[in-house]
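Participant: Just so it is clear, I am handing over run-v1.txt, which has compact mmCIF, C-alpha atoms and all ligand atoms.
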# COMPACT_ATOMS: atom_id res chain seq x y z
CA MET D 1 28.76 55.78 13.40
CA ARG D 2 29.75 57.30 16.71
CA LYS D 3 29.49 61.02 17.31
CA LYS D 4 32.48 63.26 16.54
CA ILE D 5 32.92 66.17 18.94
CA VAL D 6 35.24 69.14 19.23
CA ALA D 7 34.97 70.63 22.72
CA GLY D 8 36.75 73.71 24.04
CA ASN D 9 37.84 73.98 27.66
CA TRP D 10 38.31 77.62 28.49
CA LYS D 11 39.62 76.73 32.00
CA MET D 12 39.87 79.83 34.28
CA ASN D 13 40.22 82.35 31.47
CA LEU D 14 38.19 85.35 30.24
CA ASP D 15 36.00 87.74 32.18
CA TYR D 16 32.27 87.72 31.48
CA GLN D 17 32.36 90.28 28.65
CA GLN D 18 35.34 88.63 26.98
CA GLY D 19 33.60 85.26 27.18
CA ILE D 20 30.41 86.57 25.57
CA SER D 21 32.40 88.20 22.82
CA LEU D 22 34.52 85.12 22.03
CA PHE D 23 31.48 82.86 22.12
CA SER D 24 29.59 85.14 19.69
CA GLU D 25 32.48 84.86 17.25
CA ILE D 26 32.56 81.09 17.64
CA VAL D 27 28.79 80.75 17.10
CA ASN D 28 28.85 82.92 13.98
CA MET D 29 31.84 81.13 12.51
CA ALA D 30 30.38 77.72 13.36
CA ASN D 31 27.08 78.60 11.68
CA ASP D 32 28.88 79.86 8.57
CA GLU D 33 31.71 77.39 8.21
CA VAL D 34 31.12 74.12 9.98
CA ILE D 35 29.39 71.64 7.71
CA GLY D 36 28.86 68.21 9.11
CA GLU D 37 27.43 66.27 11.99
CA GLN D 38 30.26 67.02 14.43
CA GLY D 39 29.22 68.37 17.81
CA ILE D 40 30.80 71.62 19.01
CA VAL D 41 30.88 72.38 22.72
CA ILE D 42 32.32 75.23 24.78
CA CYS D 43 33.04 74.40 28.43
CA ALA D 44 33.27 77.74 30.18
CA PRO D 45 33.60 78.99 33.76
CA PHE D 46 30.31 78.91 35.69
CA ILE D 47 29.80 82.68 35.48
CA HIS D 48 29.55 82.53 31.68
CA LEU D 49 27.19 79.62 31.26
CA HIS D 50 23.77 81.22 31.38
CA GLY D 51 24.85 84.08 29.12
CA LEU D 52 26.39 81.70 26.61
CA ALA D 53 23.40 79.38 26.61
CA GLN D 54 21.09 82.36 25.99
CA LEU D 55 23.28 83.50 23.12
CA ALA D 56 23.41 80.04 21.60
CA GLY D 57 19.64 79.68 21.83
CA SER D 58 18.08 76.69 20.19
CA ARG D 59 19.27 77.50 16.67
CA SER D 60 23.01 77.48 17.20
CA ARG D 61 24.97 74.31 16.75
CA VAL D 62 27.30 75.18 19.63
CA ALA D 63 26.46 73.54 22.96
CA VAL D 64 27.57 74.83 26.34
CA GLY D 65 29.16 72.90 29.19
CA GLY D 66 30.65 73.39 32.65
CA GLN D 67 34.06 72.27 33.89
CA ASN D 68 33.05 70.71 37.21
CA ILE D 69 30.14 70.07 39.55
CA TYR D 70 29.78 68.90 43.14
CA PHE D 71 28.02 65.57 43.66
CA GLN D 72 25.60 66.63 46.41
CA GLU D 73 22.10 67.67 45.37
CA THR D 74 21.81 70.82 47.46
CA GLY D 75 22.79 72.22 50.86
CA ALA D 76 25.56 73.80 52.87
CA TYR D 77 28.53 73.40 50.51
CA THR D 78 29.78 76.95 50.20
CA GLY D 79 31.23 77.77 46.83
CA GLU D 80 30.10 74.58 45.10
CA ILE D 81 27.69 74.13 42.17
CA SER D 82 25.36 71.12 41.83
CA ALA D 83 24.44 69.24 38.68
CA SER D 84 20.89 70.60 38.71
CA GLN D 85 22.18 74.17 39.13
CA LEU D 86 24.52 73.68 36.18
CA LYS D 87 21.70 72.21 34.11
CA SER D 88 19.44 75.17 34.92
CA THR D 89 21.85 77.56 33.15
CA GLY D 90 21.17 75.81 29.85
CA ALA D 91 24.46 73.87 29.87
CA THR D 92 24.23 70.32 28.53
CA TYR D 93 27.78 68.99 29.06
CA VAL D 94 30.19 68.90 31.99
CA ILE D 95 33.89 68.06 32.09
CA LEU D 96 34.64 65.72 35.00
CA GLY D 97 37.98 64.45 36.25
CA HIS D 98 40.17 66.90 34.40
CA SER D 99 43.78 66.33 35.48
CA GLU D 100 43.97 69.88 36.85
CA ARG D 101 41.06 69.10 39.20
CA ARG D 102 42.64 65.80 40.15
CA ALA D 103 46.03 67.44 40.83
CA TYR D 104 45.15 70.81 42.40
CA PHE D 105 41.82 70.00 44.07
CA HIS D 106 42.56 66.40 45.03
CA GLU D 107 39.58 64.91 43.26
CA ASP D 108 39.82 61.15 43.47
CA ASP D 109 38.13 58.36 41.55
CA ASN D 110 35.54 57.83 44.27
CA GLN D 111 34.39 61.46 44.24
CA LEU D 112 34.46 61.46 40.47
CA SER D 113 32.22 58.43 40.24
CA ARG D 114 29.67 60.29 42.38
CA LYS D 115 29.97 63.38 40.18
CA VAL D 116 29.34 61.21 37.11
CA ASP D 117 26.17 59.86 38.74
CA ALA D 118 24.97 63.35 39.67
CA ALA D 119 25.58 64.63 36.13
CA LEU D 120 23.68 61.78 34.50
CA LYS D 121 20.83 62.03 36.98
CA HIS D 122 20.27 65.61 35.85
CA GLY D 123 20.68 64.97 32.15
CA LEU D 124 24.17 66.41 31.73
CA ILE D 125 26.60 64.63 29.41
CA PRO D 126 29.87 64.02 31.27
CA ILE D 127 33.13 64.46 29.38
CA PHE D 128 35.14 62.17 31.61
CA CYS D 129 38.91 62.80 31.50
CA ILE D 130 41.62 60.21 32.02
CA GLY D 131 45.34 60.22 31.37
CA GLU D 132 48.78 59.57 32.77
CA THR D 133 51.50 61.87 34.06
CA GLN D 134 54.93 62.07 32.47
CA ASP D 135 56.37 59.93 35.22
CA GLU D 136 53.70 57.26 34.72
CA ARG D 137 54.40 57.22 30.98
CA GLU D 138 58.15 57.03 31.37
CA SER D 139 57.85 54.14 33.80
CA ASP D 140 55.48 52.35 31.41
CA ARG D 141 52.60 52.37 33.86
CA TYR D 142 50.17 54.30 31.68
CA PHE D 143 47.89 51.45 30.72
CA ASP D 144 47.46 50.49 34.40
CA VAL D 145 46.78 54.08 35.42
CA ILE D 146 44.15 54.54 32.74
CA ARG D 147 42.52 51.18 33.47
CA THR D 148 42.18 52.14 37.16
CA GLN D 149 40.75 55.57 36.31
CA LEU D 150 38.12 53.87 34.12
CA GLU D 151 37.31 51.10 36.56
CA GLU D 152 36.99 53.33 39.60
CA GLY D 153 35.57 56.47 38.04
CA ILE D 154 33.09 55.36 35.43
CA PHE D 155 32.76 51.60 34.89
CA HIS D 156 30.25 51.38 37.74
CA LEU D 157 27.67 52.67 35.26
CA ALA D 158 25.17 50.31 33.69
CA ASP D 159 25.40 49.88 29.90
CA GLY D 160 22.52 52.27 29.23
CA ASP D 161 24.05 55.09 31.27
CA PHE D 162 27.55 54.53 29.93
CA GLY D 163 26.13 55.17 26.47
CA ASP D 164 25.56 58.81 27.48
CA VAL D 165 29.18 59.46 28.43
CA VAL D 166 32.03 60.97 26.40
CA LEU D 167 35.59 59.97 27.32
CA ALA D 168 38.62 62.21 26.88
CA TYR D 169 42.19 60.94 26.90
CA GLU D 170 44.42 63.76 28.07
CA PRO D 171 48.03 62.79 28.75
CA VAL D 172 49.01 65.19 31.53
CA TRP D 173 52.45 65.73 29.99
CA ALA D 174 50.82 67.08 26.81
CA ILE D 175 48.50 69.62 28.47
CA GLY D 176 49.52 73.22 27.92
CA THR D 177 53.09 72.16 27.22
CA GLY D 178 53.13 72.30 23.43
CA LEU D 179 54.15 68.63 23.60
CA THR D 180 51.44 66.76 21.70
CA ALA D 181 51.18 63.00 21.84
CA THR D 182 52.09 61.71 18.40
CA PRO D 183 49.12 60.35 16.45
CA GLU D 184 50.56 56.86 17.04
CA GLN D 185 50.91 57.38 20.81
CA ALA D 186 47.38 58.76 21.06
CA GLN D 187 45.89 56.04 18.85
CA GLU D 188 47.59 53.34 20.94
CA VAL D 189 45.91 54.60 24.11
CA HIS D 190 42.55 55.27 22.43
CA ALA D 191 42.49 51.71 21.10
CA PHE D 192 43.38 50.47 24.58
CA ILE D 193 40.53 52.49 26.12
CA ARG D 194 38.04 51.21 23.55
CA ASN D 195 39.19 47.68 24.24
CA GLU D 196 38.71 48.18 27.99
CA VAL D 197 35.17 49.41 27.29
CA ALA D 198 34.53 46.33 25.12
CA ASN D 199 35.84 44.03 27.86
CA HIS D 200 33.78 45.68 30.56
CA TYR D 201 30.58 46.25 28.55
CA ASN D 202 30.57 44.83 25.04
CA GLN D 203 31.83 45.57 21.55
CA ASN D 204 28.70 47.48 20.53
CA VAL D 205 29.03 49.86 23.45
CA ALA D 206 32.75 50.27 22.71
CA ASN D 207 32.11 51.01 19.04
CA SER D 208 29.65 53.75 19.90
CA THR D 209 31.73 55.46 22.62
CA THR D 210 33.13 58.86 21.63
CA ILE D 211 36.75 59.18 22.81
CA LEU D 212 38.34 62.64 22.50
CA TYR D 213 42.03 63.48 22.55
CA GLY D 214 43.28 66.48 24.56
CA GLY D 215 46.72 68.00 25.00
CA SER D 216 48.24 70.79 22.88
CA CYS D 217 45.82 70.09 20.05
CA ASN D 218 45.87 72.82 17.37
CA PRO D 219 44.75 73.36 13.77
CA LYS D 220 48.06 71.98 12.51
CA ASN D 221 48.13 68.66 14.35
CA ALA D 222 44.36 68.02 14.57
CA PRO D 223 43.95 66.55 11.04
CA GLU D 224 46.46 63.78 11.67
CA LEU D 225 45.22 63.08 15.19
CA PHE D 226 41.56 62.98 14.15
CA ALA D 227 42.39 60.68 11.22
CA GLN D 228 43.26 57.90 13.68
CA PRO D 229 40.58 55.21 13.79
CA ASP D 230 39.88 55.49 17.53
CA ILE D 231 40.14 59.28 17.93
CA ASP D 232 36.70 60.88 17.66
CA GLY D 233 37.59 64.52 18.20
CA GLY D 234 39.34 66.76 20.66
CA LEU D 235 39.16 68.52 24.00
CA ILE D 236 40.90 71.78 23.27
CA GLY D 237 42.44 74.09 25.87
CA GLY D 238 44.61 76.99 24.67
CA ALA D 239 43.43 76.89 21.05
CA SER D 240 39.78 77.19 22.15
CA LEU D 241 40.52 80.74 23.31
CA LYS D 242 41.05 81.78 19.67
CA SER D 243 37.92 81.58 17.56
CA ARG D 244 39.83 81.04 14.29
CA ASP D 245 41.91 78.16 15.68
CA PHE D 246 38.99 76.50 17.43
CA ILE D 247 36.75 76.62 14.36
CA ASP D 248 39.56 75.37 12.14
CA ILE D 249 39.90 72.37 14.47
CA ALA D 250 36.13 71.76 14.31
CA LYS D 251 36.29 71.98 10.52
CA VAL D 252 38.61 68.97 10.35
CA PHE D 253 35.37 66.95 10.43
CA ASN D 254 33.64 68.97 7.68
CA ARG D 255 32.23 66.58 5.15
P1 LIG Q 301 45.80 72.49 25.97
O1 LIG Q 301 45.06 72.30 24.67
O2 LIG Q 301 46.01 73.93 26.32
O3 LIG Q 301 47.05 71.66 26.03
O4 LIG Q 301 44.84 71.93 27.13
C1 LIG Q 301 44.25 70.69 26.96
C2 LIG Q 301 43.24 70.49 28.02
O5 LIG Q 301 43.56 70.37 29.18
C3 LIG Q 301 41.82 70.47 27.63
O6 LIG Q 301 41.01 70.05 28.68
Here is the file; what I need is its structure written in the form of structure tokens.

Facilitator:
Amino acid sequence: MRKKIVAGNWKMNLDYQQGISLFSEIVNMANDEVIGEQGIVICAPFIHLHGLAQLAGSRSRVAVGGQNIYFQETGAYTGEISASQLKSTGATYVILGHSERRAYFHEDDNQLSRKVDAALKHGLIPIFCIGETQDERESDRYFDVIRTQLEEGIFHLADGDFGDVVLAYEPVWAIGTGLTATPEQAQEVHAFIRNEVANHYNQNVANSTTILYGGSCNPKNAPELFAQPDIDGGLIGGASLKSRDFIDIAKVFNR
């Protein structure tokens, strides 16, 4: 059985105190209400990570992640954060290739492949995001776009390393828009992604790859999305800023 994960992406929201307070609520609710093997992750701005990791400690079931790293090890890169720096906060995950980073900060597949390598080298689990824009969907190019993102961003990894990666399908047109992909649309792409993984690696690797869905996921639509055979959880933006909503989404996997 592959791992189910519900990960929150706080994006550039919450000051330090607000982040600590929301995370405390999430940890308490997760400890009281979430019953199952599903992983729960909060990907927060860099300033929060050490505080959140301290709060989570070793007993909480909520893991902490970043939203980006730079691929260089160390040096004169003002304003950037390396994989080892991120790891030293206590974070264990990192989102890479989010569409907002690709669009606003011009991150391309080549840079992303180097970020993936840096993350793995330092023991961080990448949550690698892929997905098409509205234009690419409407012109029926979405399978090609996603195949290229996989081939150029992450398929350079050897089998063993690929096993440590989580994929997230986030159709850009569904992010923050309230427009969710239908369960059928999401399942179609998730099955395609799993098939690409099987073609590039093998069926065993494909069967054990966790593939999350992201884009206007909420407690109402999560049950139907997560019931799809190739959807293994969610990457949650807006709804991860409300403890009740986020925990209710995580509880979809309660046994
Ligand atoms: P929303 O859930 O706000 O649509 O954001 C999704 C997302 O981008 C998660 O990374």

Participant: Within 9 Å of ligand LIG 301 (chain Q), counting only C-alpha atoms and all ligand atoms: which residues, as a PDB file with C-alpha atoms, in the frame of the given file?

Facilitator:
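File produced: result30.pdb:
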ATOM      1  CA  ALA D   7      34.970  70.630  22.720  1.00  0.00           C
ATOM      2  CA  GLY D   8      36.750  73.710  24.040  1.00  0.00           C
ATOM      3  CA  ASN D   9      37.840  73.980  27.660  1.00  0.00           C
ATOM      4  CA  TRP D  10      38.310  77.620  28.490  1.00  0.00           C
ATOM      5  CA  LYS D  11      39.620  76.730  32.000  1.00  0.00           C
ATOM      6  CA  GLN D  67      34.060  72.270  33.890  1.00  0.00           C
ATOM      7  CA  ILE D  95      33.890  68.060  32.090  1.00  0.00           C
ATOM      8  CA  HIS D  98      40.170  66.900  34.400  1.00  0.00           C
ATOM      9  CA  SER D  99      43.780  66.330  35.480  1.00  0.00           C
ATOM     10  CA  GLU D 100      43.970  69.880  36.850  1.00  0.00           C
ATOM     11  CA  CYS D 129      38.910  62.800  31.500  1.00  0.00           C
ATOM     12  CA  ALA D 168      38.620  62.210  26.880  1.00  0.00           C
ATOM     13  CA  GLU D 170      44.420  63.760  28.070  1.00  0.00           C
ATOM     14  CA  PRO D 171      48.030  62.790  28.750  1.00  0.00           C
ATOM     15  CA  VAL D 172      49.010  65.190  31.530  1.00  0.00           C
ATOM     16  CA  TRP D 173      52.450  65.730  29.990  1.00  0.00           C
ATOM     17  CA  ALA D 174      50.820  67.080  26.810  1.00  0.00           C
ATOM     18  CA  ILE D 175      48.500  69.620  28.470  1.00  0.00           C
ATOM     19  CA  GLY D 176      49.520  73.220  27.920  1.00  0.00           C
ATOM     20  CA  THR D 177      53.090  72.160  27.220  1.00  0.00           C
ATOM     21  CA  GLY D 178      53.130  72.300  23.430  1.00  0.00           C
ATOM     22  CA  LEU D 179      54.150  68.630  23.600  1.00  0.00           C
ATOM     23  CA  THR D 180      51.440  66.760  21.700  1.00  0.00           C
ATOM     24  CA  TYR D 213      42.030  63.480  22.550  1.00  0.00           C
ATOM     25  CA  GLY D 214      43.280  66.480  24.560  1.00  0.00           C
ATOM     26  CA  GLY D 215      46.720  68.000  25.000  1.00  0.00           C
ATOM     27  CA  SER D 216      48.240  70.790  22.880  1.00  0.00           C
ATOM     28  CA  CYS D 217      45.820  70.090  20.050  1.00  0.00           C
ATOM     29  CA  ASN D 218      45.870  72.820  17.370  1.00  0.00           C
ATOM     30  CA  GLY D 234      39.340  66.760  20.660  1.00  0.00           C
ATOM     31  CA  LEU D 235      39.160  68.520  24.000  1.00  0.00           C
ATOM     32  CA  ILE D 236      40.900  71.780  23.270  1.00  0.00           C
ATOM     33  CA  GLY D 237      42.440  74.090  25.870  1.00  0.00           C
ATOM     34  CA  GLY D 238      44.610  76.990  24.670  1.00  0.00           C
ATOM     35  CA  ALA D 239      43.430  76.890  21.050  1.00  0.00           C
ATOM     36  CA  SER D 240      39.780  77.190  22.150  1.00  0.00           C
TER      37      SER D 240
END

Participant: With all atoms listed in the file as the basis for distance, which of D:Gly51, D:Gly160, D:Gly153, D:Gly39 is at the shortest distance from Gly233 in chain D?

Facilitator: D:Gly39

Participant: One decimal, Å: what's the distance from CA of Glu107 in chain D over to CA of Phe162 in chain D, could you say?

Facilitator: 20.7 Å

Participant: As an exercise, work out the distance from CA of Asp135 in chain D to CA of Ala191 in chain D in Å and give it to one decimal place.

Facilitator: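 About the pair CA of Asp135 in chain D and CA of Ala191 in chain D: they are 21.4 Å apart.
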
Participant: Any idea what's packed within 12 Å of Arg102 in chain D, counting only C-alpha atoms, ignoring anything in its chain fewer than 4 positions away? Could you give it as a list in words?

Facilitator: Asn68, Leu96, Gly97, His98, His106, Glu107, Asp108, Asp109, Asn110, Gln111, Leu112, Phe128, Cys129, Ile130, Gly131, Glu132, Thr133, Gln149, Gly153 and Val172 of chain D

Participant: Just write the chosen residues, C-alpha atoms, as an mmCIF file, in the coordinates of the input.

Facilitator:
data_model
loop_
_atom_site.group_PDB
_atom_site.id
_atom_site.type_symbol
_atom_site.label_atom_id
_atom_site.label_comp_id
_atom_site.auth_asym_id
_atom_site.auth_seq_id
_atom_site.Cartn_x
_atom_site.Cartn_y
_atom_site.Cartn_z
ATOM 1 C CA ASN D 68 33.050 70.710 37.210
ATOM 2 C CA LEU D 96 34.640 65.720 35.000
ATOM 3 C CA GLY D 97 37.980 64.450 36.250
ATOM 4 C CA HIS D 98 40.170 66.900 34.400
ATOM 5 C CA HIS D 106 42.560 66.400 45.030
ATOM 6 C CA GLU D 107 39.580 64.910 43.260
ATOM 7 C CA ASP D 108 39.820 61.150 43.470
ATOM 8 C CA ASP D 109 38.130 58.360 41.550
ATOM 9 C CA ASN D 110 35.540 57.830 44.270
ATOM 10 C CA GLN D 111 34.390 61.460 44.240
ATOM 11 C CA LEU D 112 34.460 61.460 40.470
ATOM 12 C CA PHE D 128 35.140 62.170 31.610
ATOM 13 C CA CYS D 129 38.910 62.800 31.500
ATOM 14 C CA ILE D 130 41.620 60.210 32.020
ATOM 15 C CA GLY D 131 45.340 60.220 31.370
ATOM 16 C CA GLU D 132 48.780 59.570 32.770
ATOM 17 C CA THR D 133 51.500 61.870 34.060
ATOM 18 C CA GLN D 149 40.750 55.570 36.310
ATOM 19 C CA GLY D 153 35.570 56.470 38.040
ATOM 20 C CA VAL D 172 49.010 65.190 31.530
#

Participant: Can you pull out every residue within 12 Å of Ala56 in chain D, counting all atoms listed in the file, but drop anything in the same chain fewer than 3 positions away, and send it as a PyMOL selection string?

Facilitator: chain D and resi 20+23-28+30-31+40-42+49-53+59-65+89-92

Participant: Please report the interatomic distance between CA of Ala186 in chain D and CA of Ala206 in chain D in Å with one decimal.

Facilitator: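 Result for CA of Ala186 in chain D versus CA of Ala206 in chain D: 17.0 Å, one decimal.
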
Participant: Within 12 Å of (42.2, 58.1, 11.0), in the coordinates the file gives, what residues turn up when you count all atoms listed in the file, written out as an NGL selection string?

Facilitator: :D and (183-184 or 186-187 or 190-191 or 222-233 or 252-253)

Participant: Next, write the just-selected residues to a file, as an mmCIF file, keeping the file's coordinate frame, keeping C-alpha atoms as the atom set.

Facilitator:
data_model
loop_
_atom_site.group_PDB
_atom_site.id
_atom_site.type_symbol
_atom_site.label_atom_id
_atom_site.label_comp_id
_atom_site.auth_asym_id
_atom_site.auth_seq_id
_atom_site.Cartn_x
_atom_site.Cartn_y
_atom_site.Cartn_z
ATOM 1 C CA PRO D 183 49.120 60.350 16.450
ATOM 2 C CA GLU D 184 50.560 56.860 17.040
ATOM 3 C CA ALA D 186 47.380 58.760 21.060
ATOM 4 C CA GLN D 187 45.890 56.040 18.850
ATOM 5 C CA HIS D 190 42.550 55.270 22.430
ATOM 6 C CA ALA D 191 42.490 51.710 21.100
ATOM 7 C CA ALA D 222 44.360 68.020 14.570
ATOM 8 C CA PRO D 223 43.950 66.550 11.040
ATOM 9 C CA GLU D 224 46.460 63.780 11.670
ATOM 10 C CA LEU D 225 45.220 63.080 15.190
ATOM 11 C CA PHE D 226 41.560 62.980 14.150
ATOM 12 C CA ALA D 227 42.390 60.680 11.220
ATOM 13 C CA GLN D 228 43.260 57.900 13.680
ATOM 14 C CA PRO D 229 40.580 55.210 13.790
ATOM 15 C CA ASP D 230 39.880 55.490 17.530
ATOM 16 C CA ILE D 231 40.140 59.280 17.930
ATOM 17 C CA ASP D 232 36.700 60.880 17.660
ATOM 18 C CA GLY D 233 37.590 64.520 18.200
ATOM 19 C CA VAL D 252 38.610 68.970 10.350
ATOM 20 C CA PHE D 253 35.370 66.950 10.430
#

Participant: May I have the residues within 10 Å of Glu33 in chain D as a VMD selection string, using all atoms listed in the file and disregarding those fewer than 6 positions away in the same chain?

Facilitator: chain D and resid 27 247 to 248 250 to 251 254

Participant: Considering all atoms listed in the file, can you say which of D:Ile193, D:Ala44, D:Arg255, D:Ile81 comes closest to Thr148 in chain D?

Facilitator: D:Ile193

Participant: Generate N, CA, C and O atoms for range 216-231 of chain D and emit them as a PDB file, keeping the file's coordinate frame.

Facilitator:
ATOM      1  N   SER D 216      47.535  70.009  23.905  1.00  0.00           N
ATOM      2  CA  SER D 216      48.240  70.790  22.880  1.00  0.00           C
ATOM      3  C   SER D 216      47.728  70.501  21.466  1.00  0.00           C
ATOM      4  O   SER D 216      48.501  70.452  20.514  1.00  0.00           O
ATOM      5  N   CYS D 217      46.428  70.308  21.359  1.00  0.00           N
ATOM      6  CA  CYS D 217      45.820  70.090  20.050  1.00  0.00           C
ATOM      7  C   CYS D 217      45.649  71.457  19.378  1.00  0.00           C
ATOM      8  O   CYS D 217      45.251  72.423  20.022  1.00  0.00           O
ATOM      9  N   ASN D 218      45.980  71.549  18.099  1.00  0.00           N
ATOM     10  CA  ASN D 218      45.870  72.820  17.370  1.00  0.00           C
ATOM     11  C   ASN D 218      45.474  72.545  15.924  1.00  0.00           C
ATOM     12  O   ASN D 218      45.382  71.372  15.524  1.00  0.00           O
ATOM     13  N   PRO D 219      45.221  73.607  15.140  1.00  0.00           N
ATOM     14  CA  PRO D 219      44.750  73.360  13.770  1.00  0.00           C
ATOM     15  C   PRO D 219      45.764  72.589  12.923  1.00  0.00           C
ATOM     16  O   PRO D 219      45.398  71.937  11.948  1.00  0.00           O
ATOM     17  N   LYS D 220      47.024  72.667  13.287  1.00  0.00           N
ATOM     18  CA  LYS D 220      48.060  71.980  12.510  1.00  0.00           C
ATOM     19  C   LYS D 220      48.069  70.468  12.773  1.00  0.00           C
ATOM     20  O   LYS D 220      48.191  69.665  11.849  1.00  0.00           O
ATOM     21  N   ASN D 221      48.006  70.093  14.055  1.00  0.00           N
ATOM     22  CA  ASN D 221      48.130  68.660  14.350  1.00  0.00           C
ATOM     23  C   ASN D 221      46.773  67.926  14.391  1.00  0.00           C
ATOM     24  O   ASN D 221      46.734  66.695  14.358  1.00  0.00           O
ATOM     25  N   ALA D 222      45.675  68.680  14.449  1.00  0.00           N
ATOM     26  CA  ALA D 222      44.360  68.020  14.570  1.00  0.00           C
ATOM     27  C   ALA D 222      44.052  67.080  13.396  1.00  0.00           C
ATOM     28  O   ALA D 222      43.542  65.977  13.628  1.00  0.00           O
ATOM     29  N   PRO D 223      44.340  67.459  12.140  1.00  0.00           N
ATOM     30  CA  PRO D 223      43.950  66.550  11.040  1.00  0.00           C
ATOM     31  C   PRO D 223      44.559  65.157  11.184  1.00  0.00           C
ATOM     32  O   PRO D 223      43.854  64.156  11.002  1.00  0.00           O
ATOM     33  N   GLU D 224      45.837  65.098  11.564  1.00  0.00           N
ATOM     34  CA  GLU D 224      46.460  63.780  11.670  1.00  0.00           C
ATOM     35  C   GLU D 224      45.962  63.018  12.899  1.00  0.00           C
ATOM     36  O   GLU D 224      45.740  61.801  12.846  1.00  0.00           O
ATOM     37  N   LEU D 225      45.755  63.748  13.994  1.00  0.00           N
ATOM     38  CA  LEU D 225      45.220  63.080  15.190  1.00  0.00           C
ATOM     39  C   LEU D 225      43.812  62.541  14.919  1.00  0.00           C
ATOM     40  O   LEU D 225      43.514  61.372  15.206  1.00  0.00           O
ATOM     41  N   PHE D 226      42.954  63.380  14.331  1.00  0.00           N
ATOM     42  CA  PHE D 226      41.560  62.980  14.150  1.00  0.00           C
ATOM     43  C   PHE D 226      41.401  61.931  13.044  1.00  0.00           C
ATOM     44  O   PHE D 226      40.326  61.349  12.895  1.00  0.00           O
ATOM     45  N   ALA D 227      42.459  61.719  12.259  1.00  0.00           N
ATOM     46  CA  ALA D 227      42.390  60.680  11.220  1.00  0.00           C
ATOM     47  C   ALA D 227      42.602  59.289  11.804  1.00  0.00           C
ATOM     48  O   ALA D 227      42.375  58.278  11.130  1.00  0.00           O
ATOM     49  N   GLN D 228      43.037  59.212  13.055  1.00  0.00           N
ATOM     50  CA  GLN D 228      43.260  57.900  13.680  1.00  0.00           C
ATOM     51  C   GLN D 228      41.913  57.218  13.914  1.00  0.00           C
ATOM     52  O   GLN D 228      40.939  57.878  14.273  1.00  0.00           O
ATOM     53  N   PRO D 229      41.880  55.897  13.752  1.00  0.00           N
ATOM     54  CA  PRO D 229      40.580  55.210  13.790  1.00  0.00           C
ATOM     55  C   PRO D 229      39.841  55.311  15.133  1.00  0.00           C
ATOM     56  O   PRO D 229      38.615  55.264  15.151  1.00  0.00           O
ATOM     57  N   ASP D 230      40.565  55.471  16.230  1.00  0.00           N
ATOM     58  CA  ASP D 230      39.880  55.490  17.530  1.00  0.00           C
ATOM     59  C   ASP D 230      39.814  56.883  18.156  1.00  0.00           C
ATOM     60  O   ASP D 230      39.432  57.017  19.312  1.00  0.00           O
ATOM     61  N   ILE D 231      40.199  57.910  17.407  1.00  0.00           N
ATOM     62  CA  ILE D 231      40.140  59.280  17.930  1.00  0.00           C
ATOM     63  C   ILE D 231      38.928  59.980  17.298  1.00  0.00           C
ATOM     64  O   ILE D 231      38.845  60.117  16.087  1.00  0.00           O
TER      65      ILE D 231
END
